[in-house]
file start_0.pdb (PDB, C-alpha atoms)
ATOM      1  CA  MET A   1      -4.830  -5.966  22.618
ATOM      2  CA  GLU A   2      -5.529  -2.220  22.689
ATOM      3  CA  THR A   3      -3.413   0.317  20.843
ATOM      4  CA  GLU A   4      -3.171   3.993  21.674
ATOM      5  CA  PHE A   5      -5.325   6.423  19.679
ATOM      6  CA  THR A   6      -2.842   8.747  17.919
ATOM      7  CA  PRO A   7      -4.784  11.233  15.782
ATOM      8  CA  LEU A   8      -1.998  13.832  15.513
ATOM      9  CA  ALA A   9       0.875  11.470  14.689
ATOM     10  CA  SER A  10      -1.367   9.578  12.284
ATOM     11  CA  PHE A  11      -2.497  12.734  10.509
ATOM     12  CA  GLY A  12       1.109  13.971  10.344
ATOM     13  CA  GLY A  13       2.315  10.646   8.946
ATOM     14  CA  GLY A  14      -0.554  10.794   6.459
ATOM     15  CA  LEU A  15       0.618  14.219   5.264
ATOM     16  CA  MET A  16       4.054  12.695   4.553
ATOM     17  CA  ILE A  17       2.511   9.753   2.672
ATOM     18  CA  GLY A  18       0.495  12.208   0.576
ATOM     19  CA  ALA A  19       3.592  14.321  -0.046
ATOM     20  CA  ALA A  20       5.538  11.256  -1.239
ATOM     21  CA  ALA A  21       2.715  10.372  -3.648
ATOM     22  CA  VAL A  22       2.661  13.907  -5.076
ATOM     23  CA  LEU A  23       6.471  14.073  -5.384
ATOM     24  CA  LEU A  24       6.672  10.730  -7.178
ATOM     25  CA  MET A  25       4.107  11.974  -9.703
ATOM     26  CA  ALA A  26       5.809  15.374 -10.030
ATOM     27  CA  PHE A  27       9.325  14.019 -10.568
ATOM     28  CA  HIS A  28       8.830  10.565 -12.057
ATOM     29  CA  GLY A  29       5.266  10.627 -13.392
ATOM     30  CA  ARG A  30       4.181   7.525 -11.492
ATOM     31  CA  ILE A  31       1.471   6.397  -9.132
ATOM     32  CA  PHE A  32       2.802   5.531  -5.653
ATOM     33  CA  GLY A  33       1.324   2.055  -5.352
ATOM     34  CA  ALA A  34       3.308  -0.272  -3.096
ATOM     35  CA  THR A  35       2.025  -3.420  -4.834
ATOM     36  CA  GLY A  36       2.865  -2.070  -8.279
ATOM     37  CA  ILE A  37       6.330  -0.944  -7.203
ATOM     38  CA  LEU A  38       7.086  -4.354  -5.642
ATOM     39  CA  GLY A  39       5.527  -6.390  -8.467
ATOM     40  CA  GLY A  40       7.609  -4.580 -11.091
ATOM     41  CA  LEU A  41      10.751  -5.617  -9.228
ATOM     42  CA  PHE A  42      10.184  -9.111 -10.671
ATOM     43  CA  ARG A  43      10.298  -7.915 -14.268
ATOM     44  CA  PHE A  44      13.817  -7.528 -15.509
ATOM     45  CA  SER A  45      13.319  -6.210 -19.035
ATOM     46  CA  ASP A  46      13.996  -2.550 -18.233
ATOM     47  CA  LEU A  47      16.979  -1.823 -16.003
ATOM     48  CA  SER A  48      16.238   1.888 -15.589
ATOM     49  CA  ASP A  49      12.688   1.078 -14.449
ATOM     50  CA  TRP A  50      13.972  -1.665 -12.135
ATOM     51  CA  SER A  51      16.543   0.589 -10.471
ATOM     52  CA  LEU A  52      13.921   3.272  -9.807
ATOM     53  CA  ARG A  53      11.693   0.731  -8.043
ATOM     54  CA  ALA A  54      14.632  -0.622  -6.049
ATOM     55  CA  ALA A  55      15.618   2.913  -4.950
ATOM     56  CA  LEU A  56      12.033   3.586  -3.808
ATOM     57  CA  ILE A  57      11.935   0.376  -1.771
ATOM     58  CA  VAL A  58      15.328   0.994  -0.159
ATOM     59  CA  GLY A  59      14.110   4.502   0.722
ATOM     60  CA  MET A  60      10.919   3.105   2.245
ATOM     61  CA  ALA A  61      12.817   0.558   4.332
ATOM     62  CA  ALA A  62      15.108   3.369   5.553
ATOM     63  CA  GLY A  63      12.027   5.089   7.051
ATOM     64  CA  PRO A  64      11.985   3.247  10.393
ATOM     65  CA  LEU A  65      15.792   3.558  10.692
ATOM     66  CA  VAL A  66      15.672   7.332  10.256
ATOM     67  CA  TYR A  67      12.793   7.375  12.745
ATOM     68  CA  LEU A  68      14.973   5.480  15.234
ATOM     69  CA  LEU A  69      17.890   7.888  14.696
ATOM     70  CA  ALA A  70      15.653  10.943  15.080
ATOM     71  CA  THR A  71      13.628   9.854  18.107
ATOM     72  CA  GLY A  72      15.902   7.330  19.822
ATOM     73  CA  THR A  73      13.109   4.759  20.018
ATOM     74  CA  PRO A  74      12.284   2.078  17.443
ATOM     75  CA  PRO A  75       8.731   2.138  16.060
ATOM     76  CA  GLU A  76       6.286  -0.120  17.851
ATOM     77  CA  LEU A  77       5.489  -3.284  15.917
ATOM     78  CA  GLY A  78       3.027  -5.668  17.532
ATOM     79  CA  GLN A  79       2.610  -9.362  16.711
ATOM     80  CA  PRO A  80      -1.178  -9.558  16.822
ATOM     81  CA  VAL A  81      -1.424 -12.822  14.872
ATOM     82  CA  PRO A  82       0.651 -16.037  14.635
ATOM     83  CA  ALA A  83       3.250 -16.476  11.886
ATOM     84  CA  TRP A  84       1.099 -18.894   9.870
ATOM     85  CA  ALA A  85      -1.634 -16.234   9.670
ATOM     86  CA  VAL A  86       0.930 -13.674   8.478
ATOM     87  CA  ALA A  87       1.998 -16.081   5.714
ATOM     88  CA  LEU A  88      -1.558 -16.973   4.732
ATOM     89  CA  GLY A  89      -2.588 -13.304   4.744
ATOM     90  CA  GLY A  90       0.439 -12.356   2.637
ATOM     91  CA  LEU A  91      -0.382 -14.946   0.007
ATOM     92  CA  ILE A  92      -4.009 -13.798  -0.161
ATOM     93  CA  VAL A  93      -2.992 -10.120  -0.309
ATOM     94  CA  GLY A  94      -0.693 -10.949  -3.239
ATOM     95  CA  LEU A  95      -3.484 -12.656  -5.177
ATOM     96  CA  GLY A  96      -6.083  -9.989  -4.347
ATOM     97  CA  THR A  97      -3.988  -6.906  -5.113
ATOM     98  CA  SER A  98      -2.842  -8.480  -8.356
ATOM     99  CA  TYR A  99      -6.409  -8.999  -9.595
ATOM    100  CA  GLY A 100      -7.730  -5.824  -7.957
ATOM    101  CA  GLY A 101      -4.973  -3.748  -9.552
ATOM    102  CA  GLY A 102      -3.657  -2.127  -6.393
ATOM    103  CA  CYS A 103      -3.649  -1.753  -2.640
ATOM    104  CA  THR A 104      -4.110   0.907   0.020
ATOM    105  CA  SER A 105      -1.484   3.272  -1.372
ATOM    106  CA  GLY A 106      -2.289   2.851  -5.069
ATOM    107  CA  HIS A 107      -6.091   2.829  -4.891
ATOM    108  CA  GLY A 108      -6.734   4.289  -1.434
ATOM    109  CA  VAL A 109      -4.457   7.314  -1.691
ATOM    110  CA  CYS A 110      -3.334   7.921  -5.279
ATOM    111  CA  GLY A 111      -6.484   6.677  -7.022
ATOM    112  CA  ILE A 112      -8.904   8.505  -4.773
ATOM    113  CA  ALA A 113      -6.757  11.652  -4.988
ATOM    114  CA  ARG A 114      -7.352  11.734  -8.742
ATOM    115  CA  PHE A 115     -11.019  10.828  -8.282
ATOM    116  CA  SER A 116     -10.739   7.463 -10.057
ATOM    117  CA  HIS A 117     -14.081   5.632  -9.805
ATOM    118  CA  ARG A 118     -12.269   2.306  -9.985
ATOM    119  CA  SER A 119     -10.158   3.212  -6.972
ATOM    120  CA  LEU A 120     -13.167   4.406  -4.961
ATOM    121  CA  VAL A 121     -14.903   1.079  -5.594
ATOM    122  CA  ALA A 122     -11.721  -0.907  -4.852
ATOM    123  CA  THR A 123     -11.096   0.987  -1.588
ATOM    124  CA  ALA A 124     -14.688   0.496  -0.422
ATOM    125  CA  CYS A 125     -14.376  -3.244  -1.207
ATOM    126  CA  PHE A 126     -11.095  -3.901   0.587
ATOM    127  CA  MET A 127     -11.982  -1.788   3.624
ATOM    128  CA  ALA A 128     -15.371  -3.485   4.027
ATOM    129  CA  SER A 129     -13.823  -6.899   3.485
ATOM    130  CA  ALA A 130     -11.070  -6.259   6.060
ATOM    131  CA  VAL A 131     -13.597  -5.059   8.662
ATOM    132  CA  LEU A 132     -15.756  -8.124   8.029
ATOM    133  CA  THR A 133     -12.724 -10.457   8.209
ATOM    134  CA  VAL A 134     -11.532  -9.029  11.533
ATOM    135  CA  TYR A 135     -15.083  -9.155  12.898
ATOM    136  CA  VAL A 136     -15.425 -12.822  12.009
ATOM    137  CA  LEU A 137     -11.937 -13.774  13.251
ATOM    138  CA  ARG A 138     -12.197 -11.876  16.548
ATOM    139  CA  HIS A 139     -15.860 -12.068  17.465
ATOM    140  CA  VAL A 140     -17.427 -15.053  15.690
ATOM    141  CA  VAL A 141     -14.836 -17.831  15.351
TER     142      VAL A 141
ATOM    143  CA  MET B   1      19.916  12.116  -9.542
ATOM    144  CA  ARG B   2      16.967   9.986 -10.618
ATOM    145  CA  LEU B   3      17.734   7.254  -8.109
ATOM    146  CA  LEU B   4      18.552   9.710  -5.325
ATOM    147  CA  SER B   5      15.211  11.419  -5.898
ATOM    148  CA  ALA B   6      13.404   8.056  -5.793
ATOM    149  CA  PHE B   7      15.267   7.112  -2.597
ATOM    150  CA  VAL B   8      14.265  10.367  -0.872
ATOM    151  CA  ILE B   9      10.634  10.033  -1.984
ATOM    152  CA  GLY B  10      10.592   6.435  -0.720
ATOM    153  CA  LEU B  11      12.084   7.645   2.563
ATOM    154  CA  ILE B  12       9.368  10.296   3.011
ATOM    155  CA  PHE B  13       6.766   7.584   2.434
ATOM    156  CA  GLY B  14       8.507   5.171   4.826
ATOM    157  CA  LEU B  15       8.750   7.843   7.522
ATOM    158  CA  GLY B  16       5.083   8.678   7.033
ATOM    159  CA  ILE B  17       4.106   5.018   7.420
ATOM    160  CA  THR B  18       6.283   4.772  10.551
ATOM    161  CA  VAL B  19       5.105   8.005  12.222
ATOM    162  CA  SER B  20       1.449   7.325  11.398
ATOM    163  CA  GLY B  21       1.415   3.862  12.985
ATOM    164  CA  MET B  22       0.464   2.115   9.712
ATOM    165  CA  ILE B  23       3.696   0.138  10.159
ATOM    166  CA  ASN B  24       2.187  -1.642  13.182
ATOM    167  CA  PRO B  25      -0.121  -4.557  12.273
ATOM    168  CA  ALA B  26      -1.661  -4.457  15.763
ATOM    169  CA  LYS B  27      -2.823  -0.884  15.099
ATOM    170  CA  VAL B  28      -4.079  -1.746  11.626
ATOM    171  CA  LEU B  29      -6.145  -4.692  12.894
ATOM    172  CA  ASN B  30      -7.580  -2.532  15.674
ATOM    173  CA  PHE B  31      -8.671   0.000  13.058
ATOM    174  CA  PHE B  32     -10.779  -2.748  11.500
ATOM    175  CA  ASP B  33     -12.039  -4.064  14.848
ATOM    176  CA  ILE B  34     -14.932  -1.652  15.181
ATOM    177  CA  ALA B  35     -16.832  -3.970  17.535
ATOM    178  CA  GLY B  36     -13.814  -4.562  19.788
ATOM    179  CA  THR B  37     -10.564  -2.704  20.568
ATOM    180  CA  TRP B  38     -11.249  -0.055  17.922
ATOM    181  CA  ASP B  39      -8.445   2.432  17.218
ATOM    182  CA  PRO B  40      -9.669   4.997  14.658
ATOM    183  CA  SER B  41      -6.155   6.463  14.104
ATOM    184  CA  LEU B  42      -5.795   5.136  10.586
ATOM    185  CA  ALA B  43      -8.721   7.211   9.356
ATOM    186  CA  PHE B  44      -6.500  10.191  10.197
ATOM    187  CA  VAL B  45      -3.698   8.723   8.067
ATOM    188  CA  MET B  46      -6.025   8.556   5.085
ATOM    189  CA  ALA B  47      -7.304  12.082   5.778
ATOM    190  CA  GLY B  48      -3.762  13.475   6.016
ATOM    191  CA  ALA B  49      -2.622  11.719   2.852
ATOM    192  CA  LEU B  50      -5.607  12.944   0.841
ATOM    193  CA  ALA B  51      -5.313  16.485   2.253
ATOM    194  CA  VAL B  52      -1.952  16.682   0.459
ATOM    195  CA  ALA B  53      -2.517  14.370  -2.503
ATOM    196  CA  VAL B  54      -5.794  15.864  -3.779
ATOM    197  CA  PRO B  55      -4.526  19.441  -4.279
ATOM    198  CA  GLY B  56      -1.000  18.179  -5.033
ATOM    199  CA  TYR B  57      -2.094  15.902  -7.882
ATOM    200  CA  ARG B  58      -4.292  18.679  -9.254
ATOM    201  CA  LEU B  59      -1.281  21.022  -9.474
ATOM    202  CA  VAL B  60       1.162  18.406 -10.759
ATOM    203  CA  LEU B  61      -1.099  16.861 -13.390
ATOM    204  CA  ALA B  62      -1.828  20.309 -14.827
ATOM    205  CA  ARG B  63       1.811  20.392 -15.948
ATOM    206  CA  PRO B  64       2.790  18.981 -19.353
ATOM    207  CA  ALA B  65       5.248  16.366 -18.019
ATOM    208  CA  PRO B  66       7.038  15.219 -14.856
ATOM    209  CA  VAL B  67      10.429  16.738 -14.039
ATOM    210  CA  MET B  68      12.555  13.646 -14.759
ATOM    211  CA  GLU B  69      10.504  11.687 -17.325
ATOM    212  CA  SER B  70       8.880  12.475 -20.634
ATOM    213  CA  ARG B  71       5.293  11.719 -19.603
ATOM    214  CA  PHE B  72       2.926  10.849 -16.770
ATOM    215  CA  GLN B  73       2.125   7.131 -16.526
ATOM    216  CA  LEU B  74      -1.488   6.975 -15.415
ATOM    217  CA  PRO B  75      -3.655   3.850 -15.320
ATOM    218  CA  GLU B  76      -5.853   3.678 -18.407
ATOM    219  CA  THR B  77      -8.282   0.992 -17.284
ATOM    220  CA  ARG B  78     -11.710   2.406 -16.559
ATOM    221  CA  ALA B  79     -13.793  -0.751 -16.171
ATOM    222  CA  ILE B  80     -15.432  -1.437 -12.829
ATOM    223  CA  ASP B  81     -15.630  -5.189 -13.266
ATOM    224  CA  ARG B  82     -15.737  -8.408 -11.306
ATOM    225  CA  LYS B  83     -11.955  -8.624 -11.303
ATOM    226  CA  LEU B  84     -11.605  -5.260  -9.551
ATOM    227  CA  VAL B  85     -14.347  -5.912  -6.997
ATOM    228  CA  LEU B  86     -13.462  -9.517  -6.163
ATOM    229  CA  GLY B  87      -9.710  -8.865  -6.246
ATOM    230  CA  SER B  88     -10.089  -5.964  -3.814
ATOM    231  CA  ALA B  89     -12.383  -7.986  -1.543
ATOM    232  CA  VAL B  90      -9.783 -10.791  -1.503
ATOM    233  CA  PHE B  91      -7.077  -8.235  -0.661
ATOM    234  CA  GLY B  92      -9.213  -7.058   2.294
ATOM    235  CA  LEU B  93      -9.533 -10.659   3.482
ATOM    236  CA  GLY B  94      -5.742 -11.102   3.519
ATOM    237  CA  TRP B  95      -5.210  -7.683   5.110
ATOM    238  CA  GLY B  96      -7.670  -8.569   7.865
ATOM    239  CA  ILE B  97      -5.900 -11.888   8.505
ATOM    240  CA  ALA B  98      -2.297 -10.605   8.549
ATOM    241  CA  GLY B  99      -2.611  -6.932   9.546
ATOM    242  CA  PHE B 100       0.017  -5.948   6.972
ATOM    243  CA  CYS B 101      -0.627  -4.359   3.595
ATOM    244  CA  PRO B 102       2.140  -3.908   0.999
ATOM    245  CA  GLY B 103       2.597  -0.182   1.766
ATOM    246  CA  GLY B 104       2.951  -0.925   5.468
ATOM    247  CA  ALA B 105       5.207  -3.938   5.047
ATOM    248  CA  LEU B 106       7.828  -2.451   2.686
ATOM    249  CA  PRO B 107       8.864   0.266   5.183
ATOM    250  CA  ALA B 108       8.619  -2.314   7.993
ATOM    251  CA  LEU B 109      11.454  -4.227   6.250
ATOM    252  CA  GLY B 110      13.745  -1.729   7.978
ATOM    253  CA  THR B 111      12.679  -2.894  11.440
ATOM    254  CA  GLY B 112      14.005  -6.406  10.852
ATOM    255  CA  ALA B 113      10.863  -7.917  12.380
ATOM    256  CA  ARG B 114      10.494 -11.600  11.424
ATOM    257  CA  ASP B 115       6.814 -11.320  10.483
ATOM    258  CA  VAL B 116       7.559  -8.700   7.819
ATOM    259  CA  TYR B 117       9.822 -11.092   5.931
ATOM    260  CA  ILE B 118       7.244 -13.864   6.170
ATOM    261  CA  PHE B 119       4.537 -11.515   4.915
ATOM    262  CA  LEU B 120       6.554 -10.124   2.016
ATOM    263  CA  ALA B 121       7.779 -13.554   0.882
ATOM    264  CA  ALA B 122       4.203 -14.848   0.842
ATOM    265  CA  LEU B 123       3.026 -11.650  -0.864
ATOM    266  CA  VAL B 124       5.532 -12.088  -3.684
ATOM    267  CA  VAL B 125       4.482 -15.734  -4.126
ATOM    268  CA  GLY B 126       0.847 -14.563  -4.391
ATOM    269  CA  LEU B 127       1.687 -11.776  -6.845
ATOM    270  CA  LEU B 128       3.734 -14.040  -9.099
ATOM    271  CA  ALA B 129       1.167 -16.861  -8.945
ATOM    272  CA  ALA B 130      -1.592 -14.449  -9.979
ATOM    273  CA  ARG B 131       0.576 -13.069 -12.764
ATOM    274  CA  TRP B 132       1.302 -16.596 -14.007
ATOM    275  CA  VAL B 133      -2.394 -17.513 -14.031
ATOM    276  CA  GLN B 134      -3.393 -14.250 -15.700
ATOM    277  CA  ALA B 135      -0.826 -14.760 -18.433
ATOM    278  CA  ARG B 136      -2.448 -18.134 -19.169
ATOM    279  CA  THR B 137      -6.067 -17.047 -19.259
ATOM    280  CA  THR B 138      -7.491 -14.688 -21.807
ATOM    281  CA  ALA B 139      -8.006 -11.455 -19.942
ATOM    282  CA  THR B 140     -11.526 -10.473 -20.808
ATOM    283  CA  ALA B 141     -13.083  -7.831 -18.585
ATOM    284  CA  ARG B 142     -16.575  -8.996 -17.751
ATOM    285  CA  PRO B 143     -19.047  -6.360 -16.671
ATOM    286  CA  LEU B 144     -20.355  -6.774 -13.134
TER     287      LEU B 144
END
call {"tool": "encode", "arguments": {"input": "start_0.pdb", "output": "structure tokens"}}
result
Amino acid sequence: METEFTPLASFGGGLMIGAAAVLLMAFHGRIFGATGILGGLFRFSDLSDWSLRAALIVGMAAGPLVYLLATGTPPELGQPVPAWAVALGGLIVGLGTSYGGGCTSGHGVCGIARFSHRSLVATACFMASAVLTVYVLRHVV
Amino acid sequence: MRLLSAFVIGLIFGLGITVSGMINPAKVLNFFDIAGTWDPSLAFVMAGALAVAVPGYRLVLARPAPVMESRFQLPETRAIDRKLVLGSAVFGLGWGIAGFCPGGALPALGTGARDVYIFLAALVVGLLAARWVQARTTATARPL
């Protein structure tokens, strides 16, 4: 199924993602990594740390609602794969990001922005692996 | 103040993910489908994010401390090891299967779409399983 090429909206959204990463570092001294923020939610030793993560996640989830209020249309969300594939993919993403130490936001944006060699390598690996996976699933199998 | 600031920063991120199209797994999978229904939009997301984050980090990290905390918490690991490479490759495999990544799925919680809840529940199971295993094996970083 084709999706519309949206260079302007995508670049604009990217600017906001970058701004959020910079603001989180400026105000709270932390890397904006979605996996790290979510993973820390399941450690309960430090309430102040926990509440910060929870506030970030509630803010993130408010994003599409504010978008709906501002534009009058809900964001488009396709269902390109069956539910079992979503579950399987989620499990694998959890294992991989845990061992790889981050995901697209942590390595791909924040890590590369501070020229971390680890993050450059990680980003190259997960991008290449995702391209290969989609190629195999859509064109080989 | 601290929590309000975190909420607003999360909201900016969530809006960015929504506006950019990263929230849509169909768009994400098409970004990877170079040989098929390729949609290069997400390269523009990365470009936009880095256009702000590269100079922004440079300015911010030149300061002695963040506004609301006593110090910057930056990752200290430097090793490019098997764990990093294989873990990231495994992440790419899951991303290519589901079309969601954690940064896309957390904002998508707000859409109420069923798949997001399935993805995030499975993601948390994976994260906690990996944490459990890692706590039980001696974490020695092997060079690649």
call {"tool": "closest_residue", "arguments": {"input": "start_0.pdb", "among": "A:Met127, A:Val86, A:Leu52, A:Val81", "to": "Ala89 in chain B", "atoms": "only C-alpha atoms"}}
result
A:Met127
call {"tool": "residues_near_point", "arguments": {"input": "start_0.pdb", "point": "(-7.9, -8.0, 12.4)", "cutoff": "10 Å", "atoms": "all atoms listed in the file", "output": "JSON, numbers by chain"}}
result
{"A": [80, 81, 130, 131, 132, 133, 134, 135, 136, 137, 138], "B": [25, 26, 27, 28, 29, 30, 31, 32, 33, 34, 93, 94, 95, 96, 97, 98, 99, 100]}
call {"tool": "write_last_selection", "arguments": {"input": "start_0.pdb", "atoms": "C-alpha atoms", "output": "CSV table (one decimal), in the coordinates of the input"}}
result
chain,number,residue,atom,x,y,z
A,80,PRO,CA,-1.2,-9.6,16.8
A,81,VAL,CA,-1.4,-12.8,14.9
A,130,ALA,CA,-11.1,-6.3,6.1
A,131,VAL,CA,-13.6,-5.1,8.7
A,132,LEU,CA,-15.8,-8.1,8.0
A,133,THR,CA,-12.7,-10.5,8.2
A,134,VAL,CA,-11.5,-9.0,11.5
A,135,TYR,CA,-15.1,-9.2,12.9
A,136,VAL,CA,-15.4,-12.8,12.0
A,137,LEU,CA,-11.9,-13.8,13.3
A,138,ARG,CA,-12.2,-11.9,16.5
B,25,PRO,CA,-0.1,-4.6,12.3
B,26,ALA,CA,-1.7,-4.5,15.8
B,27,LYS,CA,-2.8,-0.9,15.1
B,28,VAL,CA,-4.1,-1.7,11.6
B,29,LEU,CA,-6.1,-4.7,12.9
B,30,ASN,CA,-7.6,-2.5,15.7
B,31,PHE,CA,-8.7,0.0,13.1
B,32,PHE,CA,-10.8,-2.7,11.5
B,33,ASP,CA,-12.0,-4.1,14.8
B,34,ILE,CA,-14.9,-1.7,15.2
B,93,LEU,CA,-9.5,-10.7,3.5
B,94,GLY,CA,-5.7,-11.1,3.5
B,95,TRP,CA,-5.2,-7.7,5.1
B,96,GLY,CA,-7.7,-8.6,7.9
B,97,ILE,CA,-5.9,-11.9,8.5
B,98,ALA,CA,-2.3,-10.6,8.5
B,99,GLY,CA,-2.6,-6.9,9.5
B,100,PHE,CA,0.0,-5.9,7.0
call {"tool": "closest_residue", "arguments": {"input": "start_0.pdb", "among": "A:Trp84, A:Tyr99, A:Phe115, A:Tyr67", "to": "Leu15 in chain B", "atoms": "only C-alpha atoms"}}
result
A:Tyr67
call {"tool": "residues_around", "arguments": {"input": "start_0.pdb", "residues": "Ala113 in chain B", "least_positions_apart": "6", "cutoff": "10 Å", "atoms": "all atoms listed in the file", "output": "list of chain:residue names"}}
result
A:Leu77, A:Gly78, A:Gln79
call {"tool": "write_last_selection", "arguments": {"input": "start_0.pdb", "atoms": "C-alpha atoms", "output": "compact mmCIF listing (two decimals), in the frame of the given file"}}
result
# COMPACT_ATOMS: atom_id res chain seq x y z
CA LEU A 77 5.49 -3.28 15.92
CA GLY A 78 3.03 -5.67 17.53
CA GLN A 79 2.61 -9.36 16.71
call {"tool": "resolve_selection", "arguments": {"input": "start_0.pdb", "expression": "the PyMOL selection byres ((chain A and resi 57) around 8)", "output": "VMD selection string"}}
result
(chain A and resid 37 to 38 53 to 56 58 to 61) or (chain B and resid 7 10 106 to 107)
call {"tool": "atom_distance", "arguments": {"input": "start_0.pdb", "atom1": "CA of Gly33 in chain A", "atom2": "CA of Thr37 in chain B"}}
result
28.9 Å
call {"tool": "atom_distance", "arguments": {"input": "start_0.pdb", "atom1": "CA of Gly101 in chain A", "atom2": "CA of Ile118 in chain B"}}
result
22.3 Å
call {"tool": "residues_around", "arguments": {"input": "start_0.pdb", "residues": "Met25 in chain A", "least_positions_apart": "3", "cutoff": "8 Å", "atoms": "all atoms listed in the file", "output": "PyMOL selection string"}}
result
(chain A and resi 21-22+28-32) or (chain B and resi 57+60+66+72)
call {"tool": "residues_around", "arguments": {"input": "start_0.pdb", "residues": "range 90-93 of chain A", "least_positions_apart": "2", "cutoff": "9 Å", "atoms": "all atoms listed in the file", "output": "mmCIF file with C-alpha atoms, keeping the file's coordinate frame"}}
result
data_model
loop_
_atom_site.group_PDB
_atom_site.id
_atom_site.type_symbol
_atom_site.label_atom_id
_atom_site.label_comp_id
_atom_site.auth_asym_id
_atom_site.auth_seq_id
_atom_site.Cartn_x
_atom_site.Cartn_y
_atom_site.Cartn_z
ATOM 1 C CA ALA A 85 -1.634 -16.234 9.670
ATOM 2 C CA VAL A 86 0.930 -13.674 8.478
ATOM 3 C CA ALA A 87 1.998 -16.081 5.714
ATOM 4 C CA LEU A 88 -1.558 -16.973 4.732
ATOM 5 C CA LEU A 95 -3.484 -12.656 -5.177
ATOM 6 C CA GLY A 96 -6.083 -9.989 -4.347
ATOM 7 C CA THR A 97 -3.988 -6.906 -5.113
ATOM 8 C CA SER A 98 -2.842 -8.480 -8.356
ATOM 9 C CA CYS A 103 -3.649 -1.753 -2.640
ATOM 10 C CA SER B 88 -10.089 -5.964 -3.814
ATOM 11 C CA VAL B 90 -9.783 -10.791 -1.503
ATOM 12 C CA PHE B 91 -7.077 -8.235 -0.661
ATOM 13 C CA GLY B 92 -9.213 -7.058 2.294
ATOM 14 C CA LEU B 93 -9.533 -10.659 3.482
ATOM 15 C CA GLY B 94 -5.742 -11.102 3.519
ATOM 16 C CA TRP B 95 -5.210 -7.683 5.110
ATOM 17 C CA ILE B 97 -5.900 -11.888 8.505
ATOM 18 C CA ALA B 98 -2.297 -10.605 8.549
ATOM 19 C CA PHE B 100 0.017 -5.948 6.972
ATOM 20 C CA CYS B 101 -0.627 -4.359 3.595
ATOM 21 C CA PRO B 102 2.140 -3.908 0.999
ATOM 22 C CA ILE B 118 7.244 -13.864 6.170
ATOM 23 C CA PHE B 119 4.537 -11.515 4.915
ATOM 24 C CA LEU B 120 6.554 -10.124 2.016
ATOM 25 C CA ALA B 121 7.779 -13.554 0.882
ATOM 26 C CA ALA B 122 4.203 -14.848 0.842
ATOM 27 C CA LEU B 123 3.026 -11.650 -0.864
ATOM 28 C CA VAL B 124 5.532 -12.088 -3.684
ATOM 29 C CA VAL B 125 4.482 -15.734 -4.126
ATOM 30 C CA GLY B 126 0.847 -14.563 -4.391
ATOM 31 C CA LEU B 127 1.687 -11.776 -6.845
#
call {"tool": "decode", "arguments": {"input": "start_0.pdb", "residues": "range 45-68 of chain B", "atoms": "C-alpha atoms", "output": "mmCIF file, in the first residue's frame"}}
result
data_model
loop_
_atom_site.group_PDB
_atom_site.id
_atom_site.type_symbol
_atom_site.label_atom_id
_atom_site.label_comp_id
_atom_site.auth_asym_id
_atom_site.auth_seq_id
_atom_site.Cartn_x
_atom_site.Cartn_y
_atom_site.Cartn_z
ATOM 1 C CA VAL B 45 12.382 13.491 9.669
ATOM 2 C CA MET B 46 15.923 12.462 10.531
ATOM 3 C CA ALA B 47 17.341 15.476 8.673
ATOM 4 C CA GLY B 48 15.001 17.878 10.490
ATOM 5 C CA ALA B 49 15.733 16.365 13.892
ATOM 6 C CA LEU B 50 19.498 16.522 13.390
ATOM 7 C CA ALA B 51 19.325 20.064 11.960
ATOM 8 C CA VAL B 52 18.096 21.155 15.402
ATOM 9 C CA ALA B 53 19.782 18.613 17.669
ATOM 10 C CA VAL B 54 23.361 18.981 16.381
ATOM 11 C CA PRO B 55 23.714 22.738 17.019
ATOM 12 C CA GLY B 56 21.315 22.550 19.986
ATOM 13 C CA TYR B 57 23.319 19.890 21.831
ATOM 14 C CA ARG B 58 26.521 21.797 21.097
ATOM 15 C CA LEU B 59 25.110 24.918 22.791
ATOM 16 C CA VAL B 60 23.471 23.085 25.693
ATOM 17 C CA LEU B 61 26.374 20.784 26.533
ATOM 18 C CA ALA B 62 28.735 23.767 26.664
ATOM 19 C CA ARG B 63 26.845 24.873 29.781
ATOM 20 C CA PRO B 64 27.937 23.627 33.216
ATOM 21 C CA ALA B 65 24.616 21.950 34.117
ATOM 22 C CA PRO B 66 20.998 21.576 32.978
ATOM 23 C CA VAL B 67 18.431 24.086 34.238
ATOM 24 C CA MET B 68 16.534 21.737 36.579
#
